[in-house]
Each structure stands twice: as C-alpha cells, then as structure tokens.
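Everything below belongs to data.pdb, which stores PDB, C-alpha atoms.
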```pdb
ATOM      1  CA  MET E   1      -7.101 -12.312   2.935
ATOM      2  CA  ILE E   2      -3.313 -12.808   2.696
ATOM      3  CA  LYS E   3      -3.328 -13.158  -1.099
ATOM      4  CA  ARG E   4      -5.500 -10.059  -1.429
ATOM      5  CA  ASN E   5      -2.675  -7.948   0.030
ATOM      6  CA  CYS E   6       0.073  -9.546  -2.090
ATOM      7  CA  VAL E   7      -0.243  -7.341  -5.166
ATOM      8  CA  GLN E   8       3.389  -6.955  -6.245
ATOM      9  CA  THR E   9       5.452  -9.131  -8.574
ATOM     10  CA  ALA E  10       8.808 -10.658  -7.635
ATOM     11  CA  VAL E  11      11.279 -13.110  -9.141
ATOM     12  CA  TYR E  12      12.397 -16.116  -7.075
ATOM     13  CA  TRP E  13      15.488 -18.306  -7.454
ATOM     14  CA  ALA E  14      15.153 -21.522  -5.413
ATOM     15  CA  PRO E  15      18.403 -23.082  -4.198
ATOM     16  CA  LEU E  16      19.338 -26.219  -6.126
ATOM     17  CA  ALA E  17      22.625 -27.578  -4.778
ATOM     18  CA  ASN E  18      25.968 -26.679  -3.304
ATOM     19  CA  ASP E  19      28.394 -25.889  -6.123
ATOM     20  CA  GLY E  20      31.295 -27.653  -4.355
ATOM     21  CA  GLN E  21      33.170 -24.377  -3.862
ATOM     22  CA  GLY E  22      31.231 -22.982  -0.930
ATOM     23  CA  GLY E  23      28.531 -21.447  -3.097
ATOM     24  CA  MET E  24      25.117 -22.413  -4.355
ATOM     25  CA  THR E  25      23.506 -23.165  -7.706
ATOM     26  CA  TYR E  26      19.895 -22.252  -8.388
ATOM     27  CA  TYR E  27      16.863 -23.409 -10.307
ATOM     28  CA  ASP E  28      15.742 -21.179 -13.163
ATOM     29  CA  PRO E  29      14.040 -18.040 -11.856
ATOM     30  CA  VAL E  30      10.254 -18.013 -11.592
ATOM     31  CA  GLU E  31       7.891 -15.100 -11.370
ATOM     32  CA  LEU E  32       5.633 -14.716  -8.345
ATOM     33  CA  ALA E  33       2.784 -12.589  -9.666
ATOM     34  CA  PRO E  34      -0.694 -11.558  -8.521
ATOM     35  CA  PRO E  35      -3.521 -12.308  -8.349
ATOM     36  CA  SER E  36      -2.851 -15.866  -7.183
ATOM     37  CA  ASN E  37       0.842 -15.768  -6.316
ATOM     38  CA  GLY E  38       1.946 -12.199  -5.659
ATOM     39  CA  VAL E  39       4.069 -10.725  -2.891
ATOM     40  CA  ARG E  40       4.069  -7.731  -0.575
ATOM     41  CA  TRP E  41       7.585  -6.289  -0.313
ATOM     42  CA  GLU E  42       8.383  -4.045   2.655
ATOM     43  CA  ASP E  43      11.795  -2.360   2.604
ATOM     44  CA  ARG E  44      13.426  -2.052   6.009
ATOM     45  CA  ASN E  45      15.957   0.713   6.376
ATOM     46  CA  ASP E  46      15.726   1.304  10.106
ATOM     47  CA  LEU E  47      18.320   0.236  12.647
ATOM     48  CA  ASP E  48      15.887  -2.210  14.256
ATOM     49  CA  SER E  49      15.882  -4.447  11.181
ATOM     50  CA  VAL E  50      17.860  -7.228  12.794
ATOM     51  CA  ILE E  51      16.754 -10.857  12.849
ATOM     52  CA  VAL E  52      18.143 -14.066  14.257
ATOM     53  CA  ASP E  53      18.354 -16.915  11.765
ATOM     54  CA  LYS E  54      17.711 -20.562  12.626
ATOM     55  CA  MET E  55      21.416 -21.038  13.375
ATOM     56  CA  GLY E  56      21.264 -18.286  16.022
ATOM     57  CA  GLN E  57      23.231 -15.801  13.915
ATOM     58  CA  THR E  58      22.225 -12.124  14.048
ATOM     59  CA  ILE E  59      21.564 -10.714  10.571
ATOM     60  CA  ARG E  60      20.755  -7.229   9.323
ATOM     61  CA  CYS E  61      17.577  -7.404   7.271
ATOM     62  CA  ASN E  62      16.817  -4.996   4.422
ATOM     63  CA  ALA E  63      13.312  -6.222   3.524
ATOM     64  CA  VAL E  64      10.476  -8.437   4.678
ATOM     65  CA  VAL E  65       8.485 -10.068   1.900
ATOM     66  CA  TYR E  66       5.031 -11.532   2.486
ATOM     67  CA  LEU E  67       4.331 -14.375   0.088
ATOM     68  CA  SER E  68       1.521 -16.574  -1.190
ATOM     69  CA  GLN E  69       3.771 -19.641  -1.455
ATOM     70  CA  ASP E  70       6.588 -21.267   0.466
ATOM     71  CA  VAL E  71      10.171 -20.347  -0.427
ATOM     72  CA  GLU E  72      13.487 -21.700   0.804
ATOM     73  CA  GLU E  73      16.222 -20.082   2.823
ATOM     74  CA  GLN E  74      19.300 -19.474   0.653
ATOM     75  CA  GLY E  75      16.965 -18.715  -2.244
ATOM     76  CA  TRP E  76      16.879 -15.184  -3.660
ATOM     77  CA  LEU E  77      14.147 -12.623  -4.384
ATOM     78  CA  TYR E  78      14.028  -9.614  -6.694
ATOM     79  CA  LEU E  79      11.188  -7.062  -6.726
ATOM     80  CA  GLY E  80      10.122  -6.855 -10.365
ATOM     81  CA  THR E  81       9.300  -9.072 -13.318
ATOM     82  CA  LEU E  82      11.228 -11.569 -15.404
ATOM     83  CA  ASP E  83      10.716  -9.304 -18.415
ATOM     84  CA  GLU E  84      12.462  -6.459 -16.572
ATOM     85  CA  LEU E  85      15.384  -8.738 -15.768
ATOM     86  CA  TYR E  86      15.678  -9.979 -19.349
ATOM     87  CA  ASP E  87      15.538  -6.389 -20.642
ATOM     88  CA  SER E  88      18.312  -5.298 -18.287
ATOM     89  CA  ALA E  89      20.451  -8.405 -18.908
ATOM     90  CA  GLU E  90      20.753  -8.187 -22.693
ATOM     91  CA  SER E  91      18.000 -10.808 -23.230
ATOM     92  CA  SER E  92      20.188 -13.672 -22.034
ATOM     93  CA  SER E  93      18.770 -16.371 -19.791
ATOM     94  CA  GLU E  94      22.324 -17.122 -18.634
ATOM     95  CA  ALA E  95      22.712 -13.509 -17.527
ATOM     96  CA  ILE E  96      19.905 -13.918 -14.988
ATOM     97  CA  SER E  97      20.685 -17.470 -13.862
ATOM     98  CA  ASP E  98      22.875 -16.315 -10.954
ATOM     99  CA  PRO E  99      20.917 -14.019  -8.637
ATOM    100  CA  LYS E 100      24.079 -12.939  -6.796
ATOM    101  CA  VAL E 101      25.035 -10.737  -9.760
ATOM    102  CA  ILE E 102      21.596  -9.118 -10.126
ATOM    103  CA  ASP E 103      21.320  -5.608  -8.707
ATOM    104  CA  PHE E 104      18.582  -5.438  -6.065
ATOM    105  CA  ALA E 105      18.241  -9.213  -5.695
ATOM    106  CA  PHE E 106      18.612 -10.334  -2.088
ATOM    107  CA  GLU E 107      19.162 -13.640  -0.324
ATOM    108  CA  ILE E 108      16.436 -15.153   1.840
ATOM    109  CA  LYS E 109      18.053 -15.363   5.260
ATOM    110  CA  ARG E 110      14.995 -16.618   7.117
ATOM    111  CA  PHE E 111      11.548 -17.924   6.158
ATOM    112  CA  ASP E 112       8.600 -18.172   8.550
ATOM    113  CA  LYS E 113       5.221 -19.788   7.944
ATOM    114  CA  LEU E 114       2.493 -19.265  10.533
ATOM    115  CA  PRO E 115      -1.218 -20.118  10.439
ATOM    116  CA  ALA E 116      -3.385 -17.057   9.902
ATOM    117  CA  LEU E 117      -5.670 -16.104  12.772
ATOM    118  CA  LYS E 118      -8.699 -18.382  13.035
ATOM    119  CA  SER E 119      -7.587 -20.475  10.057
ATOM    120  CA  THR E 120      -6.086 -23.886   9.504
ATOM    121  CA  THR E 121      -5.780 -23.491   5.750
ATOM    122  CA  GLU E 122      -4.357 -19.969   5.262
ATOM    123  CA  PHE E 123      -0.822 -19.076   6.269
ATOM    124  CA  VAL E 124       1.247 -15.940   6.745
ATOM    125  CA  ARG E 125       4.546 -16.521   4.955
ATOM    126  CA  ARG E 126       7.433 -14.117   5.499
ATOM    127  CA  ALA E 127      10.865 -14.072   3.926
ATOM    128  CA  TYR E 128      13.523 -11.932   5.575
ATOM    129  CA  LEU E 129      16.089 -10.689   3.086
ATOM    130  CA  GLY E 130      19.674  -9.910   3.971
ATOM    131  CA  TYR E 131      22.041  -7.322   2.614
ATOM    132  CA  LYS E 132      24.686  -8.539   0.187
ATOM    133  CA  GLY E 133      27.987  -8.955   1.939
ATOM    134  CA  TYR E 134      26.427  -9.371   5.379
ATOM    135  CA  ALA E 135      25.998 -12.635   7.203
TER     136      ALA E 135
END
```
How does the structure come out when it is put into structure tokens?
Amino acid sequence: MIKRNCVQTAVYWAPLANDGQGGMTYYDPVELAPPSNGVRWEDRNDLDSVIVDKMGQTIRCNAVVYLSQDVEEQGWLYLGTLDELYDSAESSSEAISDPKVIDFAFEIKRFDKLPALKSTTEFVRRAYLGYKGYA
C-alpha cells in the first residue's frame, strides 16, 4: 500500500563522510523512481511546519517526503530525475555531486520509520526536509 502511493521520482544523495572543514561529502546521487522505489513529496508552506530533530533542535520544515526505502539524516533530496539535473548542470557529473549547490535540493533533517498498521513487513518512511540556511 505504501509503495502504491509513492509515484513521484526524486534524487537522493547519501552522506559519505565529514569533509574535515565542518561540511559533508556525499555518495553519487541515485534516483528513487516508481514503481518499486518512488516517493511522495508533500510541500509544507504553513507556519505549523516545525519539527524537533533527534538532538532536540527545533527546525522549520519545507517538505515531508514519504519513501519506499530508508534514507539517512544529513542526506539530501531533490524532486525530479537525474536526467533533469544533468540537463540543467551542463551534463557534468561533477556539477551535481554537491547537492548544496542544486536549486530545490533540501537536506534531510529528520527520518522516521514506523511499521504500517497491521503489518510487520511494511513501513511508513518519512523524511523531513529543512530550508537551506536554517538549522
């Protein structure tokens, strides 16, 4: 049932390692695409879009993304395809290797994974995305 509702495509950058300068490096981006691995992206523009991360910090959230797979906090998501990113980045894989410079890519501030109702094998996975420049 969860996968049936995840009909959008997104690009995901998993965090790799600290870059030694207070930042992060990332694995190559991968596409999360239906039917088996899509997403459902819900933009949040209301004032109630505030979450508390696992460190107890209050964060303004601009989207909640329902996923078919686990993702990691400090990773990044972009609503769209890899082809769209390559087209907009002059066909350079280096140009899309850093999600922080991609317009409309957002950091995963919190990730939750809960068992679906009456199931021990299906899970509801939610990534809460934060605005750039906000904690």
Explicit residue set for the PyMOL selection byres ((chain E and resi 44) around 8), as a short mmCIF file (atom, residue, chain, number, x, y, z; two decimals) with C-alpha atoms, keeping the file's coordinate frame:
```cif
data_model
loop_
_atom_site.label_atom_id
_atom_site.label_comp_id
_atom_site.auth_asym_id
_atom_site.auth_seq_id
_atom_site.Cartn_x
_atom_site.Cartn_y
_atom_site.Cartn_z
CA GLU E 42 8.38 -4.04 2.66
CA ASP E 43 11.80 -2.36 2.60
CA ASN E 45 15.96 0.71 6.38
CA ASP E 46 15.73 1.30 10.11
CA SER E 49 15.88 -4.45 11.18
CA CYS E 61 17.58 -7.40 7.27
CA ASN E 62 16.82 -5.00 4.42
CA ALA E 63 13.31 -6.22 3.52
CA VAL E 64 10.48 -8.44 4.68
#
```
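Using only C-alpha atoms for every distance, the candidate list E:Val65, E:Thr58, E:Gly22, E:Ile51 yields E:Val65 as the residue closest to Val7 (chain E).
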Can I get the residues of region 36-67 of chain E within 8 Å of region 103-123 of chain E, each with the closest pair of atoms and their distance in Å to one decimal, using only C-alpha atoms, sorted chain first then ascending number, as CSV?
```
residue,atom,partner,partner_atom,distance
E:Asp53,CA,E:Arg110,CA,5.7
E:Lys54,CA,E:Arg110,CA,7.3
E:Ile59,CA,E:Lys109,CA,7.9
```
Worksheet item: For Ala95 (chain E), which of E:Gly75, E:Asp28, E:Gln8, E:Asp19 is the closest residue, counting only C-alpha atoms?
Response: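 Looking at the shortest contact to Ala95 (chain E), the residue is E:Asp28.
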Worksheet item: Expressed in Å to a single decimal, how great is the separation between CA of Glu31 (chain E) and CA of Ala10 (chain E)?
Response: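 Value for the CA of Glu31 (chain E)-CA of Ala10 (chain E) distance: 5.9 Å.
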Worksheet item: Do you have the CA of Lys100 (chain E)-CA of Lys3 (chain E) distance handy?
Response: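 CA of Lys3 (chain E) lies 28.0 Å from CA of Lys100 (chain E).
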